[in-house]
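Raw my_file.txt, compact mmCIF, C-alpha atoms:
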# COMPACT_ATOMS: atom_id res chain seq x y z
CA MET A 462 -36.82 -69.99 -28.89
CA LEU A 463 -39.33 -72.03 -26.91
CA THR A 464 -39.20 -71.66 -23.15
CA ILE A 465 -41.29 -73.66 -20.68
CA ASP A 466 -41.76 -72.81 -17.00
CA ARG A 467 -43.56 -75.90 -15.83
CA TYR A 468 -44.19 -79.42 -17.10
CA LEU A 469 -47.34 -81.26 -16.12
CA ARG A 470 -47.89 -84.94 -16.83
CA ALA A 471 -51.66 -84.93 -16.48
CA SER A 472 -53.21 -87.80 -14.55
CA SER A 473 -56.73 -87.16 -15.84
CA LEU A 474 -58.49 -85.34 -18.66
CA GLU A 475 -60.06 -83.02 -16.07
CA GLU A 476 -56.62 -82.01 -14.82
CA ALA A 477 -55.35 -81.49 -18.38
CA TYR A 478 -58.41 -79.45 -19.34
CA GLU A 479 -58.17 -77.26 -16.26
CA ALA A 480 -54.47 -76.58 -16.90
CA ALA A 481 -55.16 -75.86 -20.58
CA GLN A 482 -57.52 -73.00 -19.67
CA LYS A 483 -54.67 -71.02 -18.14
CA LYS A 484 -52.98 -68.29 -20.12
CA ASN A 485 -49.89 -69.38 -22.09
CA SER A 486 -50.37 -73.08 -21.38
CA ALA A 487 -49.86 -75.59 -24.20
CA VAL A 488 -50.95 -79.19 -24.64
CA LEU A 489 -48.02 -81.18 -25.98
CA GLY A 490 -48.37 -83.37 -29.03
CA GLY A 491 -45.20 -84.56 -30.74
CA MET A 492 -43.81 -81.09 -30.01
CA LEU A 493 -42.29 -80.83 -33.47
CA TRP A 494 -44.08 -77.64 -34.48
CA LEU A 495 -44.22 -76.14 -30.99
CA ARG A 496 -40.46 -76.62 -30.72
CA LEU A 497 -39.93 -74.27 -33.67
CA SER A 498 -41.98 -71.47 -32.16
CA HIS A 499 -40.67 -68.44 -30.31
CA ARG A 500 -43.01 -68.80 -27.44
CA HIS A 501 -43.10 -68.72 -23.68
CA VAL A 502 -45.21 -71.57 -22.28
CA SER A 503 -46.25 -71.33 -18.65
CA THR A 504 -47.38 -74.96 -18.38
CA ALA A 505 -46.63 -77.69 -20.92
CA ILE A 506 -49.30 -80.36 -20.54
CA ASP A 507 -48.29 -83.93 -21.37
CA LEU A 508 -51.14 -86.39 -22.00
CA SER A 509 -48.93 -89.47 -22.26
CA ALA A 510 -50.27 -91.01 -19.04
CA LEU A 511 -53.89 -90.95 -20.24
CA GLY A 512 -53.88 -94.01 -22.49
CA LEU A 513 -54.37 -92.05 -25.70
CA CYS A 514 -51.79 -93.94 -27.77
CA GLY A 515 -53.18 -96.65 -30.04
CA VAL A 516 -55.69 -97.60 -32.72
CA GLU A 517 -58.88 -99.41 -31.66
CA ASP A 518 -60.88 -101.37 -34.21
CA LEU A 519 -64.51 -100.98 -33.12
CA GLY A 520 -66.03 -102.95 -35.99
CA ASP A 521 -67.72 -100.15 -37.92
CA ARG A 522 -65.01 -97.55 -37.18
CA TYR A 523 -61.48 -96.99 -35.98
CA ARG A 524 -60.88 -94.92 -32.86
CA ILE A 525 -57.42 -93.43 -32.92
CA GLY A 526 -55.92 -91.97 -29.74
CA ALA A 527 -54.47 -88.47 -29.91
CA TYR A 528 -51.02 -89.70 -28.89
CA THR A 529 -50.86 -92.32 -31.65
CA THR A 530 -47.84 -91.50 -33.78
CA LEU A 531 -47.98 -91.00 -37.52
CA ARG A 532 -45.62 -93.95 -37.92
CA MET A 533 -48.09 -96.18 -36.06
CA LEU A 534 -50.84 -95.12 -38.49
CA GLU A 535 -48.59 -95.63 -41.49
CA THR A 536 -47.75 -99.19 -40.47
CA HIS A 537 -51.18 -100.23 -39.13
CA GLU A 538 -52.40 -103.25 -41.09
CA GLY A 539 -56.12 -102.66 -40.59
CA LEU A 540 -56.00 -99.02 -41.67
CA HIS A 541 -53.91 -100.03 -44.67
CA ARG A 542 -56.38 -102.76 -45.65
CA ASP A 543 -59.60 -100.84 -45.08
CA PHE A 544 -58.56 -97.56 -46.68
CA GLY A 545 -56.58 -98.86 -49.63
CA GLY A 546 -53.21 -97.74 -48.26
CA VAL A 547 -54.15 -94.06 -48.59
CA ILE A 548 -53.07 -93.14 -45.06
CA GLY A 549 -49.59 -94.53 -45.64
CA ASP A 550 -49.47 -92.75 -49.02
CA ALA A 551 -50.27 -89.46 -47.31
CA LEU A 552 -47.83 -89.86 -44.44
CA ARG A 553 -44.74 -91.51 -45.85
CA ASP A 554 -43.15 -88.33 -47.22
CA ILE A 555 -43.43 -86.40 -43.97
CA VAL A 556 -39.74 -85.78 -43.18
CA GLY A 557 -38.47 -89.18 -41.98
CA VAL A 558 -39.24 -92.19 -39.82
CA GLN A 559 -37.79 -90.61 -36.66
CA PHE A 560 -39.99 -87.55 -37.17
CA ARG A 561 -43.09 -89.67 -37.71
CA ASN A 562 -42.24 -91.66 -34.56
CA LEU A 563 -42.75 -88.42 -32.65
CA ALA A 564 -45.49 -86.59 -34.56
CA THR A 565 -48.89 -87.39 -33.09
CA VAL A 566 -52.34 -87.62 -34.60
CA GLY A 567 -53.66 -85.18 -32.00
CA GLY A 568 -50.97 -82.59 -32.62
CA SER A 569 -51.39 -82.86 -36.38
CA VAL A 570 -55.18 -82.56 -36.30
CA PHE A 571 -55.54 -80.03 -33.49
CA GLY A 572 -53.15 -77.66 -35.25
CA ARG A 573 -55.23 -77.72 -38.47
CA PHE A 574 -52.05 -76.63 -40.17
CA GLY A 575 -52.14 -75.18 -43.66
CA PHE A 576 -49.47 -77.68 -44.76
CA SER A 577 -51.04 -80.78 -43.24
CA ASP A 578 -51.14 -84.10 -45.05
CA VAL A 579 -52.95 -85.66 -42.10
CA VAL A 580 -55.98 -83.35 -42.17
CA THR A 581 -56.35 -83.72 -45.94
CA VAL A 582 -56.57 -87.52 -45.79
CA PHE A 583 -58.70 -87.69 -42.62
CA LEU A 584 -61.15 -85.12 -43.97
CA ALA A 585 -61.61 -87.15 -47.13
CA LEU A 586 -62.22 -90.31 -45.09
CA GLY A 587 -65.06 -88.60 -43.18
CA ALA A 588 -63.27 -88.33 -39.84
CA SER A 589 -64.67 -86.84 -36.68
CA VAL A 590 -62.87 -85.78 -33.53
CA GLU A 591 -63.62 -86.40 -29.87
CA LEU A 592 -63.09 -83.32 -27.75
CA TYR A 593 -63.06 -83.17 -23.99
CA PRO A 594 -65.42 -81.93 -22.66
CA SER A 595 -67.48 -80.82 -25.71
CA GLY A 596 -67.95 -84.23 -27.31
CA THR A 597 -67.73 -85.42 -30.91
CA VAL A 598 -67.76 -83.10 -33.92
CA SER A 599 -66.97 -83.75 -37.55
CA LEU A 600 -63.42 -82.90 -38.58
CA GLU A 601 -64.88 -80.54 -41.17
CA THR A 602 -66.67 -78.60 -38.42
CA PHE A 603 -63.56 -78.69 -36.25
CA CYS A 604 -61.48 -77.23 -39.09
CA GLY A 605 -63.70 -74.13 -38.95
CA MET A 606 -63.63 -73.75 -35.15
CA ARG A 607 -61.37 -71.12 -33.62
CA GLY A 608 -60.11 -70.60 -30.09
CA VAL A 609 -60.74 -74.19 -29.04
CA LYS A 610 -59.49 -74.89 -25.50
CA ASP A 611 -60.81 -78.44 -25.35
CA ILE A 612 -58.56 -81.48 -25.25
CA LEU A 613 -58.64 -83.52 -28.46
CA THR A 614 -58.64 -87.13 -27.29
CA HIS A 615 -59.45 -89.27 -30.35
CA VAL A 616 -60.04 -89.23 -34.08
CA ILE A 617 -62.79 -91.49 -35.43
CA LEU A 618 -62.58 -92.96 -38.91
CA PRO A 619 -65.76 -94.66 -40.16
CA LYS A 620 -65.28 -97.90 -42.08
CA ARG A 621 -66.89 -97.92 -45.50
CA GLN A 622 -66.28 -99.63 -48.80
CA VAL A 623 -64.09 -97.04 -50.48
CA ARG A 624 -61.61 -96.52 -53.26
CA THR A 625 -58.96 -93.98 -52.41
CA ALA A 626 -56.16 -91.95 -53.93
CA TYR A 627 -53.70 -89.42 -52.55
CA ARG A 628 -51.62 -86.99 -54.56
CA ALA A 629 -49.20 -84.32 -53.38
CA MET A 630 -46.64 -82.02 -54.92
CA ARG A 631 -43.48 -81.27 -52.96
CA ASN A 632 -40.59 -79.10 -54.05
CA THR A 633 -38.22 -81.62 -52.49
CA ALA A 634 -38.98 -85.15 -51.38
CA THR A 635 -39.54 -84.63 -47.65
CA ASP A 636 -40.62 -80.98 -47.66
CA PHE A 637 -44.07 -79.67 -46.77
CA PRO A 638 -46.42 -80.16 -49.72
CA SER A 639 -47.09 -77.24 -52.04
CA LEU A 640 -50.52 -78.79 -52.52
CA ASN A 641 -52.14 -82.08 -51.61
CA VAL A 642 -55.32 -83.80 -52.73
CA CYS A 643 -57.22 -86.85 -51.55
CA ALA A 644 -60.11 -88.54 -53.37
CA VAL A 645 -62.38 -91.09 -51.69
CA LEU A 646 -65.07 -92.85 -53.68
CA ALA A 647 -67.80 -94.47 -51.60
CA GLU A 648 -71.03 -96.09 -52.75
CA ASP A 649 -72.99 -92.85 -52.54
CA ALA A 650 -70.46 -90.06 -52.98
CA LEU A 651 -67.10 -88.93 -54.21
CA THR A 652 -65.24 -86.79 -51.69
CA VAL A 653 -62.30 -84.71 -52.81
CA THR A 654 -60.20 -82.73 -50.35
CA VAL A 655 -57.63 -80.08 -51.19
CA GLY A 656 -55.01 -79.12 -48.62
CA ALA A 657 -51.76 -77.20 -48.25
CA ARG A 658 -53.48 -74.35 -50.10
CA PRO A 659 -51.65 -73.21 -47.79
CA LEU A 660 -54.79 -73.00 -45.67
CA CYS A 661 -56.56 -75.81 -43.82
CA ALA A 662 -57.90 -78.48 -46.16
CA VAL A 663 -61.39 -78.14 -47.65
CA ALA A 664 -63.74 -80.92 -48.76
CA TYR A 665 -66.02 -81.22 -51.79
CA ARG A 666 -68.76 -83.83 -51.98
CA LEU A 667 -70.06 -84.93 -55.36
CA PRO A 668 -72.42 -87.67 -56.48
CA ALA A 669 -70.65 -90.98 -57.01
CA ALA A 670 -71.94 -91.08 -60.58
CA GLY A 671 -72.61 -88.34 -63.12
CA ALA A 672 -70.34 -85.64 -61.69
CA GLY A 673 -68.45 -85.31 -64.98
CA THR A 674 -65.05 -86.32 -66.23
CA ALA A 675 -61.99 -86.13 -63.97
CA GLU A 676 -60.91 -82.99 -65.83
CA GLU A 677 -64.32 -81.35 -65.40
CA ILE A 678 -64.37 -82.14 -61.68
CA ALA A 679 -60.82 -80.83 -61.31
CA GLU A 680 -61.65 -77.63 -63.19
CA LYS A 681 -64.69 -76.97 -61.00
CA ILE A 682 -62.78 -77.58 -57.75
CA ALA A 683 -59.80 -75.49 -58.87
CA LYS A 684 -62.17 -72.59 -59.62
CA GLU A 685 -64.04 -72.80 -56.32
CA THR A 686 -61.09 -73.29 -53.98
CA VAL A 687 -59.38 -70.38 -52.28
CA PHE A 688 -55.58 -70.53 -52.61
CA ALA A 689 -52.81 -68.28 -51.36
CA SER A 690 -49.13 -67.74 -51.98
CA ASN A 691 -46.18 -68.48 -49.74
CA SER A 692 -42.50 -69.33 -50.15
CA ARG A 693 -43.31 -72.77 -51.56
CA ALA A 694 -45.75 -71.85 -54.30
CA SER A 695 -47.82 -68.99 -55.68
CA GLU A 696 -51.59 -68.90 -55.69
CA THR A 697 -51.60 -69.29 -59.48
CA TYR A 698 -49.29 -72.30 -59.37
CA ARG A 699 -51.39 -73.93 -56.65
CA ARG A 700 -54.53 -73.50 -58.73
CA HIS A 701 -52.76 -75.14 -61.64
CA LEU A 702 -51.52 -77.97 -59.39
CA CYS A 703 -55.05 -78.43 -58.12
CA ARG A 704 -56.36 -79.08 -61.63
CA VAL A 705 -53.64 -81.64 -62.28
CA LEU A 706 -53.68 -83.44 -58.93
CA VAL A 707 -57.47 -83.61 -58.59
CA ALA A 708 -57.81 -84.98 -62.12
CA ARG A 709 -55.20 -87.65 -61.40
CA ALA A 710 -56.71 -88.60 -58.04
CA VAL A 711 -60.23 -88.83 -59.49
CA ASP A 712 -58.89 -90.89 -62.37
CA ASP A 713 -57.23 -93.18 -59.82
CA VAL A 714 -60.44 -93.89 -57.89
CA TYR A 715 -62.57 -94.48 -60.99
CA GLY A 716 -59.89 -96.24 -62.95
CA LYS A 717 -57.84 -94.16 -65.36
CA GLY A 718 -59.74 -92.60 -68.21
CA GLY A 719 -63.10 -93.47 -66.73
CA GLU A 720 -65.97 -91.00 -66.46
CA SER A 721 -67.71 -90.71 -63.11
CA MET B 749 -37.62 -81.45 -11.89
CA GLU B 750 -36.06 -84.81 -11.20
CA ILE B 751 -36.11 -87.57 -13.81
CA THR B 752 -34.91 -91.16 -13.76
CA LEU B 753 -34.12 -93.00 -16.97
CA THR B 754 -31.99 -95.83 -18.23
CA LEU B 755 -29.26 -94.41 -20.45
CA ASN B 756 -27.30 -97.02 -22.41
CA GLY B 757 -28.18 -99.64 -19.82
CA ARG B 758 -27.24 -97.46 -16.86
CA ARG B 759 -29.93 -96.10 -14.56
CA ILE B 760 -29.46 -92.41 -13.87
CA THR B 761 -31.33 -89.77 -11.94
CA ALA B 762 -30.88 -86.10 -12.75
CA SER B 763 -32.48 -82.74 -12.30
CA VAL B 764 -33.58 -80.97 -15.49
CA ALA B 765 -35.41 -77.79 -16.43
CA ALA B 766 -38.86 -78.21 -18.00
CA ASP B 767 -37.58 -77.03 -21.38
CA THR B 768 -34.32 -79.00 -21.56
CA VAL B 769 -34.32 -81.09 -24.70
CA LEU B 770 -33.07 -84.66 -24.68
CA LEU B 771 -30.22 -83.79 -27.07
CA ASP B 772 -28.68 -81.34 -24.58
CA PHE B 773 -29.29 -83.70 -21.69
CA LEU B 774 -27.51 -86.57 -23.46
CA ARG B 775 -24.51 -84.49 -24.47
CA ALA B 776 -24.23 -83.23 -20.89
CA HIS B 777 -24.15 -86.87 -19.82
CA GLY B 778 -21.21 -87.76 -22.02
CA CYS B 779 -22.97 -88.97 -25.18
CA ALA B 780 -20.93 -86.99 -27.71
CA SER B 781 -22.19 -89.10 -30.64
CA VAL B 782 -25.52 -87.26 -30.41
CA LYS B 783 -24.94 -84.18 -32.52
CA CYS B 784 -26.92 -81.02 -33.06
CA GLY B 785 -27.51 -80.39 -36.75
CA CYS B 786 -30.58 -78.46 -37.84
CA GLU B 787 -32.46 -78.20 -34.53
CA THR B 788 -35.65 -78.14 -36.61
CA SER B 789 -36.39 -81.89 -36.66
CA GLY B 790 -35.27 -82.20 -40.24
CA CYS B 791 -31.78 -83.70 -40.46
CA GLY B 792 -31.74 -86.91 -38.39
CA LEU B 793 -28.32 -86.16 -36.91
CA CYS B 794 -29.55 -86.35 -33.32
CA THR B 795 -31.30 -89.73 -33.71
CA VAL B 796 -31.45 -91.84 -30.54
CA PHE B 797 -33.63 -94.75 -29.48
CA LEU B 798 -36.38 -94.04 -27.00
CA ASP B 799 -37.48 -97.50 -25.85
CA ASP B 800 -36.01 -98.94 -29.09
CA THR B 801 -37.85 -96.46 -31.31
CA PRO B 802 -35.70 -94.03 -33.31
CA VAL B 803 -36.59 -90.42 -32.50
CA LEU B 804 -35.09 -86.97 -32.91
CA SER B 805 -33.58 -85.99 -29.57
CA CYS B 806 -33.60 -82.29 -30.52
CA SER B 807 -37.39 -82.39 -30.37
CA VAL B 808 -38.01 -84.48 -27.25
CA LEU B 809 -38.14 -82.84 -23.85
CA ALA B 810 -35.79 -84.57 -21.43
CA VAL B 811 -38.67 -84.84 -18.94
CA ARG B 812 -40.56 -87.00 -21.43
CA ALA B 813 -37.78 -89.58 -21.19
CA ASP B 814 -38.52 -90.02 -17.49
CA GLY B 815 -39.09 -93.70 -16.81
CA HIS B 816 -37.92 -94.76 -20.28
CA ARG B 817 -34.85 -96.33 -21.86
CA VAL B 818 -32.65 -94.12 -24.01
CA THR B 819 -29.95 -95.59 -26.22
CA THR B 820 -27.32 -93.65 -28.11
CA LEU B 821 -24.60 -94.92 -30.42
CA GLU B 822 -22.34 -95.26 -27.34
CA GLY B 823 -24.76 -97.91 -26.07
CA LEU B 824 -24.85 -99.84 -29.34
CA GLU B 825 -21.16 -100.37 -29.84
CA ALA B 826 -21.37 -104.14 -30.08
CA GLU B 827 -24.28 -104.07 -32.56
CA ALA B 828 -22.93 -101.14 -34.56
CA SER B 829 -19.20 -101.88 -34.77
CA GLU B 830 -19.43 -104.49 -37.56
CA PHE B 831 -21.62 -102.22 -39.67
CA VAL B 832 -19.60 -99.06 -39.02
CA THR B 833 -16.31 -100.79 -39.89
CA PHE B 834 -17.81 -102.23 -43.06
CA ILE B 835 -19.24 -98.87 -44.15
CA ALA B 836 -15.89 -97.16 -43.56
CA ASP B 837 -14.12 -99.81 -45.66
CA GLN B 838 -16.64 -99.25 -48.42
CA GLY B 839 -15.93 -95.53 -48.50
CA ALA B 840 -19.66 -94.96 -48.12
CA GLU B 841 -19.12 -91.84 -46.06
CA GLN B 842 -17.12 -88.70 -46.53
CA CYS B 843 -16.92 -86.21 -43.67
CA GLY B 844 -18.74 -88.56 -41.28
CA PHE B 845 -20.64 -85.83 -39.46
CA CYS B 846 -24.01 -87.40 -40.23
CA ASN B 847 -22.75 -90.88 -39.42
CA PRO B 848 -24.07 -91.34 -35.86
CA GLY B 849 -27.65 -90.54 -36.92
CA PHE B 850 -27.27 -92.55 -40.12
CA VAL B 851 -25.92 -95.58 -38.23
CA MET B 852 -28.61 -95.37 -35.53
CA ASN B 853 -31.39 -95.22 -38.08
CA THR B 854 -29.89 -98.00 -40.21
CA ILE B 855 -29.78 -100.23 -37.13
CA ALA B 856 -33.43 -99.36 -36.47
CA LEU B 857 -34.26 -100.29 -40.07
CA LEU B 858 -32.44 -103.62 -39.92
CA ARG B 859 -34.07 -104.53 -36.61
CA GLU B 860 -37.48 -103.85 -38.17
CA ASN B 861 -36.73 -105.23 -41.60
CA PRO B 862 -33.61 -107.41 -41.82
CA ASP B 863 -33.78 -107.77 -45.60
CA PRO B 864 -34.87 -104.41 -47.04
CA THR B 865 -34.98 -103.53 -50.71
CA ASP B 866 -33.02 -100.50 -51.93
CA GLU B 867 -36.31 -98.59 -52.10
CA GLU B 868 -37.10 -99.51 -48.50
CA ILE B 869 -33.62 -98.40 -47.43
CA ARG B 870 -34.06 -95.03 -49.14
CA ALA B 871 -37.53 -94.56 -47.66
CA TYR B 872 -36.41 -95.40 -44.13
CA LEU B 873 -33.37 -93.14 -44.30
CA ALA B 874 -35.18 -90.23 -45.95
CA GLY B 875 -34.97 -88.28 -42.71
CA ASN B 876 -31.17 -88.53 -42.48
CA LEU B 877 -29.59 -85.71 -44.42
CA CYS B 878 -26.05 -86.01 -45.73
CA ARG B 879 -24.50 -82.99 -47.42
CA CYS B 880 -21.53 -84.69 -49.04
CA SER B 881 -22.14 -88.31 -50.03
CA GLY B 882 -25.20 -87.84 -52.24
CA TYR B 883 -26.76 -90.88 -50.51
CA GLU B 884 -25.80 -93.33 -53.24
CA GLY B 885 -22.67 -94.36 -51.35
CA GLN B 886 -24.69 -95.00 -48.21
CA THR B 887 -27.31 -97.08 -50.01
CA ARG B 888 -24.61 -99.01 -51.85
CA GLY B 889 -22.72 -99.54 -48.58
CA ILE B 890 -25.82 -100.92 -46.81
CA ARG B 891 -26.59 -103.17 -49.78
CA ALA B 892 -22.99 -104.48 -49.81
CA TYR B 893 -23.17 -105.06 -46.04
CA LEU B 894 -26.41 -107.04 -46.36
CA ASN B 895 -25.00 -109.05 -49.27
CA ALA B 896 -21.82 -109.80 -47.34
CA LYS B 897 -23.89 -111.03 -44.40
CA LYS B 898 -26.05 -113.22 -46.64
CA GLU B 899 -22.97 -114.73 -48.25
CA GLY B 900 -21.38 -115.40 -44.88
CA ARG B 901 -18.46 -113.07 -45.49
CA LEU B 902 -19.03 -111.31 -42.15
What is this file in structure tokens?
Amino acid sequence: MLTIDRYLRASSLEEAYEAAQKKNSAVLGGMLWLRLSHRHVSTAIDLSALGLCGVEDLGDRYRIGAYTTLRMLETHEGLHRDFGGVIGDALRDIVGVQFRNLATVGGSVFGRFGFSDVVTVFLALGASVELYPSGTVSLETFCGMRGVKDILTHVILPKRQVRTAYRAMRNTATDFPSLNVCAVLAEDALTVTVGARPLCAVAYRLPAAGAGTAEEIAEKIAKETVFASNSRASETYRRHLCRVLVARAVDDVYGKGGES
Amino acid sequence: MEITLTLNGRRITASVAADTVLLDFLRAHGCASVKCGCETSGCGLCTVFLDDTPVLSCSVLAVRADGHRVTTLEGLEAEASEFVTFIADQGAEQCGFCNPGFVMNTIALLRENPDPTDEEIRAYLAGNLCRCSGYEGQTRGIRAYLNAKKEGRL
């Protein structure tokens, strides 16, 4: 059961950061995962008064506030247009609309959860994160960072000409994925991410041309990726799923049957 | 701590603990339509509107509703009664336990998209679990309701 002693609606990032350094404090996102924990929180820090909810189109990139909900991303016309609908594809099976109206970008990314659909798609799109006070780091770097006490304020998505595909396997329609895969083909590179391993998603970058057939790429990635077992799927099954889903996603971005 | 919110059109001020969830707060304030199902954000039974957006009240701290509007099925009687009566006539429900959440989220859907396809209905209601109807009755009931409205039978 989650218990909270004190609730703080931060009036500045400085105040939120200072409170977050204290033992047993927690920065609130959508609170959907935190709510399930058996944890005693001394101070729950709410960032809702800091203007972090919304998607800014900055011309060459999108800047997404940490309190933007997954539903807002899913229904955002610009994101849909510029990324071929891949964000909506990745998010639409996460529980239900009411859940996605609460789940935040910041909570989803900061957690770097081993079941995340959000991290898998953002990593493939070349996202970076803005941390207070450390500054901007790539999402890939952030995924490897431990013990971060910074405040995640924004996610940056660069705009590029891309073709995209998202594939996931779920045991039931709105469950966590047993494995998910995103492929993004840009002018210079093909990026493939594999998530729900059930570890944080990993990214592979390949040349846009000459990397082999979809099956060859999938075989290579399935061999290199570390998987594990949990109640949803075994390591062996995940490796098998990886071959299938990567091949399909790569086929999707090149056009089915095409060689890269 | 003290919070002030507008519950079903009525402004109220109350003292709550930091970890009180909105679901418990609403039931303590007479909103018995808001039911506790899974408590893990997965069933949709506790759906309420927070500033017109459907959310799961089991996963929202009551303090986060401070300064906002909260609407439960009790506050939507006029908007919901036609739909609820129609659905009951259709036999689209069985035990009815999931009904408040189902009705709240259907109203949210129809406000956002007044003419949804069956696929859009299923997608929007994916977070509302029903253990006895198998969902087909609900989808069929909503479709029949929309058709009846289009044909001027309501």
Next item on the list: Have a look at A:Tyr665, A:Phe576, A:Phe544, A:Phe560 and name the one nearest to chain B; count only C-alpha atoms.
Entry: A:Phe560
With a cut-off of 9 Å, could you pull out the residues of chain A touching chain B and give me the nearest pair of atoms for each, distance in Å to one decimal, using all atoms listed in the file, ordered by chain and ascending number, as JSON lines?
{"residue": "A:Leu463", "atom": "CA", "partner": "B:Asp767", "partner_atom": "CA", "distance": 7.7}
{"residue": "A:Thr464", "atom": "CA", "partner": "B:Asp767", "partner_atom": "CA", "distance": 5.9}
{"residue": "A:Ile465", "atom": "CA", "partner": "B:Asp767", "partner_atom": "CA", "distance": 5.1}
{"residue": "A:Asp466", "atom": "CA", "partner": "B:Ala766", "partner_atom": "CA", "distance": 6.2}
{"residue": "A:Arg467", "atom": "CA", "partner": "B:Ala766", "partner_atom": "CA", "distance": 5.7}
{"residue": "A:Tyr468", "atom": "CA", "partner": "B:Ala766", "partner_atom": "CA", "distance": 5.5}
{"residue": "A:Arg470", "atom": "CA", "partner": "B:Arg812", "partner_atom": "CA", "distance": 8.9}
{"residue": "A:Gly491", "atom": "CA", "partner": "B:Val808", "partner_atom": "CA", "distance": 8.0}
{"residue": "A:Met492", "atom": "CA", "partner": "B:Ser807", "partner_atom": "CA", "distance": 6.6}
{"residue": "A:Leu493", "atom": "CA", "partner": "B:Ser807", "partner_atom": "CA", "distance": 6.0}
{"residue": "A:Trp494", "atom": "CA", "partner": "B:Thr788", "partner_atom": "CA", "distance": 8.7}
{"residue": "A:Arg496", "atom": "CA", "partner": "B:Ser807", "partner_atom": "CA", "distance": 6.5}
{"residue": "A:Leu497", "atom": "CA", "partner": "B:Thr788", "partner_atom": "CA", "distance": 6.5}
{"residue": "A:Ala505", "atom": "CA", "partner": "B:Ala766", "partner_atom": "CA", "distance": 8.3}
{"residue": "A:Asp507", "atom": "CA", "partner": "B:Arg812", "partner_atom": "CA", "distance": 8.3}
{"residue": "A:Ser509", "atom": "CA", "partner": "B:Arg812", "partner_atom": "CA", "distance": 8.8}
{"residue": "A:Arg553", "atom": "CA", "partner": "B:Ala871", "partner_atom": "CA", "distance": 8.0}
{"residue": "A:Asp554", "atom": "CA", "partner": "B:Ala874", "partner_atom": "CA", "distance": 8.3}
{"residue": "A:Ile555", "atom": "CA", "partner": "B:Gly875", "partner_atom": "CA", "distance": 8.8}
{"residue": "A:Val556", "atom": "CA", "partner": "B:Gly875", "partner_atom": "CA", "distance": 5.4}
{"residue": "A:Gly557", "atom": "CA", "partner": "B:Gly875", "partner_atom": "CA", "distance": 3.7}
{"residue": "A:Val558", "atom": "CA", "partner": "B:Tyr872", "partner_atom": "CA", "distance": 6.1}
{"residue": "A:Gln559", "atom": "CA", "partner": "B:Val803", "partner_atom": "CA", "distance": 4.3}
{"residue": "A:Phe560", "atom": "CA", "partner": "B:Val803", "partner_atom": "CA", "distance": 6.5}
{"residue": "A:Arg561", "atom": "CA", "partner": "B:Val803", "partner_atom": "CA", "distance": 8.4}
{"residue": "A:Asn562", "atom": "CA", "partner": "B:Val803", "partner_atom": "CA", "distance": 6.1}
{"residue": "A:Leu563", "atom": "CA", "partner": "B:Val803", "partner_atom": "CA", "distance": 6.5}
{"residue": "A:Ala634", "atom": "CA", "partner": "B:Ala874", "partner_atom": "CA", "distance": 8.4}
{"residue": "A:Thr635", "atom": "CA", "partner": "B:Ala874", "partner_atom": "CA", "distance": 7.3}
Go ahead and save the picked residues with C-alpha atoms, as a PDB file, keeping the file's coordinate frame.
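out_12.pdb, freshly written:
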ATOM      1  CA  LEU A 463     -39.330 -72.030 -26.910  1.00  0.00           C
ATOM      2  CA  THR A 464     -39.200 -71.660 -23.150  1.00  0.00           C
ATOM      3  CA  ILE A 465     -41.290 -73.660 -20.680  1.00  0.00           C
ATOM      4  CA  ASP A 466     -41.760 -72.810 -17.000  1.00  0.00           C
ATOM      5  CA  ARG A 467     -43.560 -75.900 -15.830  1.00  0.00           C
ATOM      6  CA  TYR A 468     -44.190 -79.420 -17.100  1.00  0.00           C
ATOM      7  CA  ARG A 470     -47.890 -84.940 -16.830  1.00  0.00           C
ATOM      8  CA  GLY A 491     -45.200 -84.560 -30.740  1.00  0.00           C
ATOM      9  CA  MET A 492     -43.810 -81.090 -30.010  1.00  0.00           C
ATOM     10  CA  LEU A 493     -42.290 -80.830 -33.470  1.00  0.00           C
ATOM     11  CA  TRP A 494     -44.080 -77.640 -34.480  1.00  0.00           C
ATOM     12  CA  ARG A 496     -40.460 -76.620 -30.720  1.00  0.00           C
ATOM     13  CA  LEU A 497     -39.930 -74.270 -33.670  1.00  0.00           C
ATOM     14  CA  ALA A 505     -46.630 -77.690 -20.920  1.00  0.00           C
ATOM     15  CA  ASP A 507     -48.290 -83.930 -21.370  1.00  0.00           C
ATOM     16  CA  SER A 509     -48.930 -89.470 -22.260  1.00  0.00           C
ATOM     17  CA  ARG A 553     -44.740 -91.510 -45.850  1.00  0.00           C
ATOM     18  CA  ASP A 554     -43.150 -88.330 -47.220  1.00  0.00           C
ATOM     19  CA  ILE A 555     -43.430 -86.400 -43.970  1.00  0.00           C
ATOM     20  CA  VAL A 556     -39.740 -85.780 -43.180  1.00  0.00           C
ATOM     21  CA  GLY A 557     -38.470 -89.180 -41.980  1.00  0.00           C
ATOM     22  CA  VAL A 558     -39.240 -92.190 -39.820  1.00  0.00           C
ATOM     23  CA  GLN A 559     -37.790 -90.610 -36.660  1.00  0.00           C
ATOM     24  CA  PHE A 560     -39.990 -87.550 -37.170  1.00  0.00           C
ATOM     25  CA  ARG A 561     -43.090 -89.670 -37.710  1.00  0.00           C
ATOM     26  CA  ASN A 562     -42.240 -91.660 -34.560  1.00  0.00           C
ATOM     27  CA  LEU A 563     -42.750 -88.420 -32.650  1.00  0.00           C
ATOM     28  CA  ALA A 634     -38.980 -85.150 -51.380  1.00  0.00           C
ATOM     29  CA  THR A 635     -39.540 -84.630 -47.650  1.00  0.00           C
TER      30      THR A 635
END
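Atom CA of Glu517 of chain A to atom CA of Tyr627 of chain A spans 23.7 Å [interatomic distance, one decimal].
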